[in-house]
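Raw contents of coords.csv, CSV, C-alpha atoms:
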```csv
chain,number,residue,atom,x,y,z
Y,57,MET,CA,2.4,-1.3,-9.0
Y,58,PRO,CA,3.9,-4.6,-10.2
Y,59,ILE,CA,5.7,-7.0,-7.8
Y,60,PRO,CA,9.3,-5.6,-7.4
Y,61,SER,CA,11.9,-7.6,-9.1
Y,62,ASN,CA,15.0,-5.7,-8.2
Y,63,LYS,CA,16.5,-3.5,-5.4
Y,64,LEU,CA,15.3,-0.2,-6.8
Y,65,GLU,CA,11.8,-1.4,-7.4
Y,66,LEU,CA,11.6,-2.8,-3.9
Y,67,ILE,CA,12.9,0.4,-2.2
Y,68,THR,CA,10.5,2.4,-4.4
Y,69,ALA,CA,7.5,0.2,-3.5
Y,70,ILE,CA,8.2,0.3,0.3
Y,71,GLU,CA,8.8,4.1,0.4
Y,72,ALA,CA,5.8,4.9,-1.8
Y,73,ASN,CA,3.4,2.7,0.1
Y,74,TYR,CA,4.7,3.7,3.5
Y,75,ARG,CA,4.5,7.4,2.6
Y,76,LYS,CA,0.8,7.1,1.8
Y,77,LEU,CA,0.2,5.0,4.9
Y,78,ASP,CA,2.0,7.4,7.1
Y,79,GLN,CA,-0.1,10.2,5.8
Y,80,ALA,CA,-3.2,8.2,6.7
Y,81,PHE,CA,-1.9,7.5,10.1
Y,82,GLN,CA,-1.3,11.2,10.7
Y,83,SER,CA,-5.0,11.8,10.0
Y,84,VAL,CA,-6.1,9.4,12.8
Y,85,PRO,CA,-6.8,11.3,16.0
Y,86,GLU,CA,-4.6,10.0,18.7
Y,87,GLN,CA,-7.6,9.6,21.1
Y,88,LEU,CA,-9.4,7.3,18.6
Y,89,ALA,CA,-6.3,5.2,17.7
Y,90,GLN,CA,-7.0,2.7,20.5
Y,91,SER,CA,-10.7,2.1,19.5
Y,92,ASN,CA,-11.3,-1.4,18.3
Y,93,ALA,CA,-13.1,-0.4,15.2
Y,94,LEU,CA,-11.2,-2.2,12.4
Y,95,ILE,CA,-11.7,-5.8,11.3
Y,96,GLY,CA,-9.0,-7.8,12.9
Y,97,HIS,CA,-6.4,-10.1,11.3
Y,98,ALA,CA,-8.1,-13.2,12.9
Y,99,LYS,CA,-11.6,-14.2,11.8
Y,100,GLY,CA,-14.3,-12.6,14.0
Y,101,THR,CA,-12.0,-10.1,15.8
Y,102,LYS,CA,-11.7,-6.4,15.9
Y,103,MET,CA,-8.5,-4.3,16.2
Y,104,SER,CA,-7.5,-0.7,16.7
Y,105,VAL,CA,-5.4,1.4,14.5
Y,106,CYS,CA,-2.7,1.0,17.2
Y,107,ASP,CA,-3.0,-2.8,16.7
Y,108,LEU,CA,-2.6,-2.3,13.0
Y,109,VAL,CA,0.6,-0.4,13.5
Y,110,ALA,CA,1.8,-3.1,16.0
Y,111,TYR,CA,1.0,-5.7,13.3
Y,112,LEU,CA,3.2,-3.9,10.8
Y,113,ILE,CA,6.0,-3.5,13.3
Y,114,GLY,CA,5.8,-7.2,14.2
Y,115,TRP,CA,6.2,-8.3,10.6
Y,116,GLY,CA,9.0,-5.8,10.0
Y,117,GLN,CA,10.8,-7.1,13.1
Y,118,LEU,CA,10.4,-10.6,11.8
Y,119,VAL,CA,12.0,-9.6,8.5
Y,120,LEU,CA,14.9,-8.2,10.5
Y,121,LYS,CA,15.2,-11.4,12.6
Y,122,TRP,CA,15.1,-13.6,9.5
Y,123,HIS,CA,17.9,-11.5,7.9
Y,124,GLN,CA,20.0,-11.7,11.1
Y,125,LEU,CA,19.6,-15.4,11.3
Y,126,GLU,CA,20.3,-15.9,7.6
Y,127,THR,CA,23.4,-13.8,7.8
Y,128,ALA,CA,24.6,-15.8,10.8
Y,129,ASN,CA,23.9,-19.1,8.9
Y,130,LYS,CA,21.4,-20.1,11.6
Y,131,PRO,CA,18.1,-21.9,10.9
Y,132,ILE,CA,15.0,-19.8,10.6
Y,133,ASP,CA,11.7,-21.0,12.1
Y,134,PHE,CA,9.2,-19.5,9.6
Y,135,PRO,CA,7.1,-17.6,10.2
Y,136,GLU,CA,8.0,-17.3,13.9
Y,137,THR,CA,9.0,-19.7,16.6
Y,138,GLY,CA,5.8,-21.3,17.9
Y,139,TYR,CA,3.7,-20.3,15.0
Y,140,GLN,CA,2.8,-22.1,11.7
Y,141,TRP,CA,1.7,-20.3,8.5
Y,142,ASN,CA,-1.9,-21.4,9.2
Y,143,GLU,CA,-1.8,-19.5,12.6
Y,144,LEU,CA,-1.2,-16.0,11.3
Y,145,GLY,CA,-4.2,-14.7,13.1
Y,146,LEU,CA,-2.7,-15.9,16.4
Y,147,LEU,CA,0.6,-14.3,15.4
Y,148,ALA,CA,-1.2,-11.0,14.7
Y,149,GLN,CA,-2.7,-11.1,18.2
Y,150,LYS,CA,0.8,-11.7,19.6
Y,151,PHE,CA,2.0,-8.6,17.8
Y,152,TYR,CA,-0.9,-6.6,19.2
Y,153,SER,CA,0.1,-7.8,22.7
Y,154,ASP,CA,3.8,-7.2,22.2
Y,155,TYR,CA,3.4,-3.5,21.6
Y,156,GLN,CA,0.2,-2.7,23.6
Y,157,HIS,CA,2.3,-0.8,26.1
Y,158,LEU,CA,3.2,1.8,23.5
Y,159,GLY,CA,1.1,4.9,22.6
Y,160,TYR,CA,0.1,5.7,19.1
Y,161,VAL,CA,2.9,8.2,18.5
Y,162,GLU,CA,5.5,5.8,19.8
Y,163,LEU,CA,4.1,3.0,17.6
Y,164,GLN,CA,4.4,5.2,14.6
Y,165,ALA,CA,8.0,6.1,15.5
Y,166,MET,CA,8.9,2.4,16.0
Y,167,LEU,CA,7.3,1.5,12.6
Y,168,ASN,CA,9.3,4.2,10.9
Y,169,GLN,CA,12.5,3.0,12.6
Y,170,THR,CA,11.8,-0.6,11.6
Y,171,ILE,CA,11.3,0.4,8.0
Y,172,GLN,CA,14.5,2.4,8.0
Y,173,GLN,CA,16.4,-0.7,9.2
Y,174,ILE,CA,14.8,-2.8,6.5
Y,175,LEU,CA,15.7,-0.2,3.9
Y,176,THR,CA,19.3,-0.2,5.1
Y,177,ILE,CA,19.4,-4.0,4.7
Y,178,ILE,CA,18.1,-3.7,1.2
Y,179,ASP,CA,20.6,-1.0,0.4
Y,180,GLN,CA,23.5,-3.1,1.7
Y,181,THR,CA,22.4,-6.3,0.0
Y,182,ASP,CA,23.4,-7.2,-3.6
Y,183,GLU,CA,20.9,-8.0,-6.3
Y,184,GLU,CA,21.8,-11.7,-6.4
Y,185,THR,CA,21.1,-12.1,-2.7
Y,186,LEU,CA,17.9,-10.1,-2.9
Y,187,TYR,CA,16.4,-11.8,-5.9
Y,188,GLN,CA,18.3,-14.9,-7.0
Y,189,LYS,CA,19.1,-16.8,-3.8
Y,190,PRO,CA,16.0,-18.5,-2.1
Y,191,MET,CA,15.5,-17.7,1.5
Y,192,TYR,CA,12.3,-19.5,2.2
Y,193,LYS,CA,11.2,-22.3,-0.2
Y,194,HIS,CA,11.6,-20.6,-3.6
Y,195,TYR,CA,11.2,-17.0,-2.2
Y,196,PRO,CA,14.3,-14.8,-2.2
Y,197,LEU,CA,14.9,-12.2,0.5
Y,198,GLY,CA,13.6,-9.4,-1.7
Y,199,ARG,CA,10.2,-11.1,-2.1
Y,200,MET,CA,10.0,-12.0,1.6
Y,201,ILE,CA,10.7,-8.3,2.4
Y,202,GLN,CA,8.0,-7.2,-0.1
Y,203,LEU,CA,5.5,-9.7,1.2
Y,204,ASN,CA,6.0,-8.3,4.7
Y,205,THR,CA,6.4,-4.6,4.0
Y,206,SER,CA,5.0,-2.9,0.9
Y,207,SER,CA,2.1,-5.3,0.4
Y,208,PRO,CA,0.8,-5.1,3.9
Y,209,TYR,CA,1.3,-1.3,3.9
Y,210,LYS,CA,-1.0,-1.1,0.9
Y,211,ASN,CA,-3.6,-3.3,2.7
Y,212,ALA,CA,-3.3,-1.3,5.9
Y,213,LEU,CA,-3.8,1.9,3.9
Y,214,SER,CA,-7.0,0.6,2.5
Y,215,ARG,CA,-8.2,-0.3,6.0
Y,216,VAL,CA,-7.3,3.1,7.5
Y,217,ARG,CA,-8.8,5.1,4.7
Y,218,LYS,CA,-12.0,3.1,5.0
Y,219,TRP,CA,-12.0,3.7,8.7
Y,220,LEU,CA,-11.3,7.4,8.3
Y,221,LYS,CA,-14.1,7.8,5.8
Y,222,ALA,CA,-16.5,6.1,8.1
Y,223,ASN,CA,-15.4,8.3,11.0
Y,224,GLN,CA,-15.4,11.7,9.3
Y,225,GLU,CA,-17.3,14.3,11.2
Y,226,ASP,CA,-19.9,16.1,9.1
```
Please rewrite the model in this file as structure tokens.
Amino acid sequence: MPIPSNKLELITAIEANYRKLDQAFQSVPEQLAQSNALIGHAKGTKMSVCDLVAYLIGWGQLVLKWHQLETANKPIDFPETGYQWNELGLLAQKFYSDYQHLGYVELQAMLNQTIQQILTIIDQTDEETLYQKPMYKHYPLGRMIQLNTSSPYKNALSRVRKWLKANQED
């Protein structure tokens, strides 16, 4: 699927990639979701499926925060206050920690809620704001949303499918 360049394509990419990812998450036994069996987002680390969901929630929540700040005409500290773009592994570990108190089912529900909030923002935002007005450097809001939703969902799907295949019982 090409990079979305308008509202409809963005919504379609998010919904399609999330639908596939959600199906994969439904296939993960809850009792195995905490197992640190996936390659982590920081070099040399491992993570669980729960951590992966937390990671996706964390980036989704950042998108919501960025939008809120942008709407209020307040400065945005990209990617997150206290983190630089070259520290994304540390930011990923922060996301794991932020949501470690939630169980697998709760994490999935929170991810779904976050996605619904992002889709609402997209729906309520005009094409010009989504794709013509830069939000960060030359990236408009629509591209920033895509980079932190549909693209990571596709990557996460690959990770989960690989894990599921390796952990299938004969």
Quick one: pull the distance between CA of Val109 in chain Y and CA of Val161 in chain Y, Å, one decimal. 10.2 Å
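Nearest to Leu163 in chain Y of all the residues Y:Leu146, Y:Glu86, Y:Val216, Y:His123 is Y:Glu86, counting only C-alpha atoms.
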Would you work out the distance separating CA of Tyr187 in chain Y from CA of Ala165 in chain Y, expressed in Å to one decimal?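 We find that CA of Tyr187 in chain Y and CA of Ala165 in chain Y lie 29.1 Å from each other.
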My list of candidates is Y:Leu186, Y:Ile171, Y:Ala128, Y:Ala148. Which is closest to Arg75 in chain Y when distances are computed with all atoms listed in the file?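 Answer, going by the shortest atom-to-atom distance: Y:Ile171.
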Which residues are near Pro85 in chain Y? Cut-off 12 Å, all atoms listed in the file, ignore same chain within fewer than 6 positions. Put them as a list in words.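 Contacts, in chain order: Ser91, Val105, Cys106, Tyr160, Val161, Val216, Trp219, Leu220, Asn223, Gln224 and Glu225 of chain Y.
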Please save C-alpha atoms of the selected residues as a short mmCIF file (atom, residue, chain, number, x, y, z; two decimals), in the frame of the given file.
```cif
data_model
loop_
_atom_site.label_atom_id
_atom_site.label_comp_id
_atom_site.auth_asym_id
_atom_site.auth_seq_id
_atom_site.Cartn_x
_atom_site.Cartn_y
_atom_site.Cartn_z
CA SER Y 91 -10.70 2.10 19.50
CA VAL Y 105 -5.40 1.40 14.50
CA CYS Y 106 -2.70 1.00 17.20
CA TYR Y 160 0.10 5.70 19.10
CA VAL Y 161 2.90 8.20 18.50
CA VAL Y 216 -7.30 3.10 7.50
CA TRP Y 219 -12.00 3.70 8.70
CA LEU Y 220 -11.30 7.40 8.30
CA ASN Y 223 -15.40 8.30 11.00
CA GLN Y 224 -15.40 11.70 9.30
CA GLU Y 225 -17.30 14.30 11.20
#
```
Find the residues around Gln124 in chain Y up to 12 Å (all atoms listed in the file counted), leave out those fewer than 6 positions away in its own chain, and share them as a PDB file with C-alpha atoms, keeping the file's coordinate frame.
```
ATOM      1  CA  GLN Y 117      10.800  -7.100  13.100  1.00  0.00           C
ATOM      2  CA  LEU Y 118      10.400 -10.600  11.800  1.00  0.00           C
ATOM      3  CA  LYS Y 130      21.400 -20.100  11.600  1.00  0.00           C
ATOM      4  CA  PRO Y 131      18.100 -21.900  10.900  1.00  0.00           C
ATOM      5  CA  ILE Y 132      15.000 -19.800  10.600  1.00  0.00           C
ATOM      6  CA  GLN Y 173      16.400  -0.700   9.200  1.00  0.00           C
ATOM      7  CA  ILE Y 174      14.800  -2.800   6.500  1.00  0.00           C
ATOM      8  CA  ILE Y 177      19.400  -4.000   4.700  1.00  0.00           C
ATOM      9  CA  LEU Y 197      14.900 -12.200   0.500  1.00  0.00           C
TER      10      LEU Y 197
END
```
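Our summary of the geometry notes that CA of Ser214 in chain Y is positioned 10.2 Å from CA of Lys76 in chain Y.
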Tell me, as a PyMOL selection string, which residues lie within 12 Å of Ala72 in chain Y, counting only C-alpha atoms; anything in the same chain fewer than 6 positions away does not count. chain Y and resi 57+64-66+78-79+205-207+209-210+213
Between Y:Ile59, Y:Ala69, Y:Met200, Y:Ala98, single out the one closest to Thr185 in chain Y, counting all atoms listed in the file.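 Checking each candidate against Thr185 in chain Y, we get Y:Met200 as the closest.
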Using all atoms listed in the file, which of Y:Asn62, Y:Asp107, Y:Gly100, Y:Thr68 sits nearest Ala212 in chain Y? Y:Asp107
From the set Y:Leu144, Y:Leu203, Y:Ala93, Y:Leu88, which residue has the shortest atom-to-atom contact distance to Gly159 in chain Y, counting all atoms listed in the file? Y:Leu88
Test item: write range 102-113 of chain Y with all heavy atoms as an mmCIF file, in the first residue's frame:
```cif
data_model
loop_
_atom_site.group_PDB
_atom_site.id
_atom_site.type_symbol
_atom_site.label_atom_id
_atom_site.label_comp_id
_atom_site.auth_asym_id
_atom_site.auth_seq_id
_atom_site.Cartn_x
_atom_site.Cartn_y
_atom_site.Cartn_z
ATOM 1 N N LYS Y 102 14.828 -7.488 24.582
ATOM 2 C CA LYS Y 102 13.668 -8.322 24.265
ATOM 3 C C LYS Y 102 12.434 -7.629 24.823
ATOM 4 O O LYS Y 102 12.512 -6.843 25.764
ATOM 5 C CB LYS Y 102 13.802 -9.713 24.917
ATOM 6 C CG LYS Y 102 14.928 -10.550 24.373
ATOM 7 C CD LYS Y 102 14.523 -11.160 23.059
ATOM 8 C CE LYS Y 102 15.561 -12.192 22.624
ATOM 9 N NZ LYS Y 102 15.176 -12.832 21.394
ATOM 10 N N MET Y 103 11.303 -7.946 24.227
ATOM 11 C CA MET Y 103 10.046 -7.392 24.711
ATOM 12 C C MET Y 103 8.961 -8.456 24.587
ATOM 13 O O MET Y 103 9.122 -9.449 23.880
ATOM 14 C CB MET Y 103 9.651 -6.139 23.936
ATOM 15 C CG MET Y 103 9.258 -6.395 22.512
ATOM 16 S SD MET Y 103 8.696 -4.887 21.709
ATOM 17 C CE MET Y 103 8.614 -5.469 20.018
ATOM 18 N N SER Y 104 7.866 -8.182 25.254
ATOM 19 C CA SER Y 104 6.713 -9.065 25.186
ATOM 20 C C SER Y 104 5.696 -8.506 24.186
ATOM 21 O O SER Y 104 5.808 -7.358 23.736
ATOM 22 C CB SER Y 104 6.061 -9.173 26.564
ATOM 23 O OG SER Y 104 5.502 -7.928 26.941
ATOM 24 N N VAL Y 105 4.689 -9.294 23.873
ATOM 25 C CA VAL Y 105 3.596 -8.801 23.036
ATOM 26 C C VAL Y 105 2.906 -7.650 23.762
ATOM 27 O O VAL Y 105 2.527 -6.655 23.138
ATOM 28 C CB VAL Y 105 2.615 -9.935 22.674
ATOM 29 C CG1 VAL Y 105 1.400 -9.388 21.934
ATOM 30 C CG2 VAL Y 105 3.320 -11.007 21.833
ATOM 31 N N CYS Y 106 2.775 -7.742 25.083
ATOM 32 C CA CYS Y 106 2.203 -6.631 25.857
ATOM 33 C C CYS Y 106 3.032 -5.364 25.678
ATOM 34 O O CYS Y 106 2.469 -4.265 25.533
ATOM 35 C CB CYS Y 106 2.104 -6.995 27.338
ATOM 36 S SG CYS Y 106 0.768 -8.137 27.727
ATOM 37 N N ASP Y 107 4.347 -5.505 25.693
ATOM 38 C CA ASP Y 107 5.216 -4.340 25.470
ATOM 39 C C ASP Y 107 4.985 -3.752 24.078
ATOM 40 O O ASP Y 107 4.976 -2.528 23.905
ATOM 41 C CB ASP Y 107 6.693 -4.718 25.611
ATOM 42 C CG ASP Y 107 7.109 -5.047 27.025
ATOM 43 O OD1 ASP Y 107 6.465 -4.569 27.981
ATOM 44 O OD2 ASP Y 107 8.102 -5.792 27.178
ATOM 45 N N LEU Y 108 4.796 -4.614 23.098
ATOM 46 C CA LEU Y 108 4.550 -4.149 21.736
ATOM 47 C C LEU Y 108 3.255 -3.341 21.670
ATOM 48 O O LEU Y 108 3.206 -2.277 21.053
ATOM 49 C CB LEU Y 108 4.500 -5.339 20.772
ATOM 50 C CG LEU Y 108 4.251 -5.025 19.296
ATOM 51 C CD1 LEU Y 108 5.291 -4.059 18.744
ATOM 52 C CD2 LEU Y 108 4.226 -6.313 18.492
ATOM 53 N N VAL Y 109 2.215 -3.830 22.340
ATOM 54 C CA VAL Y 109 0.954 -3.088 22.371
ATOM 55 C C VAL Y 109 1.170 -1.756 23.093
ATOM 56 O O VAL Y 109 0.696 -0.715 22.638
ATOM 57 C CB VAL Y 109 -0.167 -3.911 23.042
ATOM 58 C CG1 VAL Y 109 -1.471 -3.106 23.086
ATOM 59 C CG2 VAL Y 109 -0.392 -5.233 22.319
ATOM 60 N N ALA Y 110 1.904 -1.773 24.199
ATOM 61 C CA ALA Y 110 2.195 -0.537 24.943
ATOM 62 C C ALA Y 110 2.943 0.465 24.058
ATOM 63 O O ALA Y 110 2.671 1.672 24.102
ATOM 64 C CB ALA Y 110 3.004 -0.856 26.198
ATOM 65 N N TYR Y 111 3.864 -0.021 23.270
ATOM 66 C CA TYR Y 111 4.623 0.813 22.341
ATOM 67 C C TYR Y 111 3.681 1.514 21.357
ATOM 68 O O TYR Y 111 3.786 2.719 21.126
ATOM 69 C CB TYR Y 111 5.627 -0.077 21.599
ATOM 70 C CG TYR Y 111 6.413 0.581 20.506
ATOM 71 C CD1 TYR Y 111 7.561 1.309 20.795
ATOM 72 C CD2 TYR Y 111 6.033 0.447 19.171
ATOM 73 C CE1 TYR Y 111 8.315 1.899 19.776
ATOM 74 C CE2 TYR Y 111 6.779 1.025 18.156
ATOM 75 C CZ TYR Y 111 7.917 1.756 18.465
ATOM 76 O OH TYR Y 111 8.647 2.336 17.454
ATOM 77 N N LEU Y 112 2.754 0.757 20.810
ATOM 78 C CA LEU Y 112 1.804 1.327 19.857
ATOM 79 C C LEU Y 112 0.876 2.335 20.532
ATOM 80 O O LEU Y 112 0.549 3.376 19.949
ATOM 81 C CB LEU Y 112 1.005 0.210 19.180
ATOM 82 C CG LEU Y 112 1.832 -0.782 18.359
ATOM 83 C CD1 LEU Y 112 0.969 -1.937 17.879
ATOM 84 C CD2 LEU Y 112 2.531 -0.088 17.202
ATOM 85 N N ILE Y 113 0.477 2.042 21.757
ATOM 86 C CA ILE Y 113 -0.335 2.995 22.524
ATOM 87 C C ILE Y 113 0.477 4.264 22.763
ATOM 88 O O ILE Y 113 -0.033 5.381 22.576
ATOM 89 C CB ILE Y 113 -0.775 2.396 23.877
ATOM 90 C CG1 ILE Y 113 -1.760 1.250 23.673
ATOM 91 C CG2 ILE Y 113 -1.394 3.477 24.778
ATOM 92 C CD1 ILE Y 113 -2.008 0.418 24.925
#
```
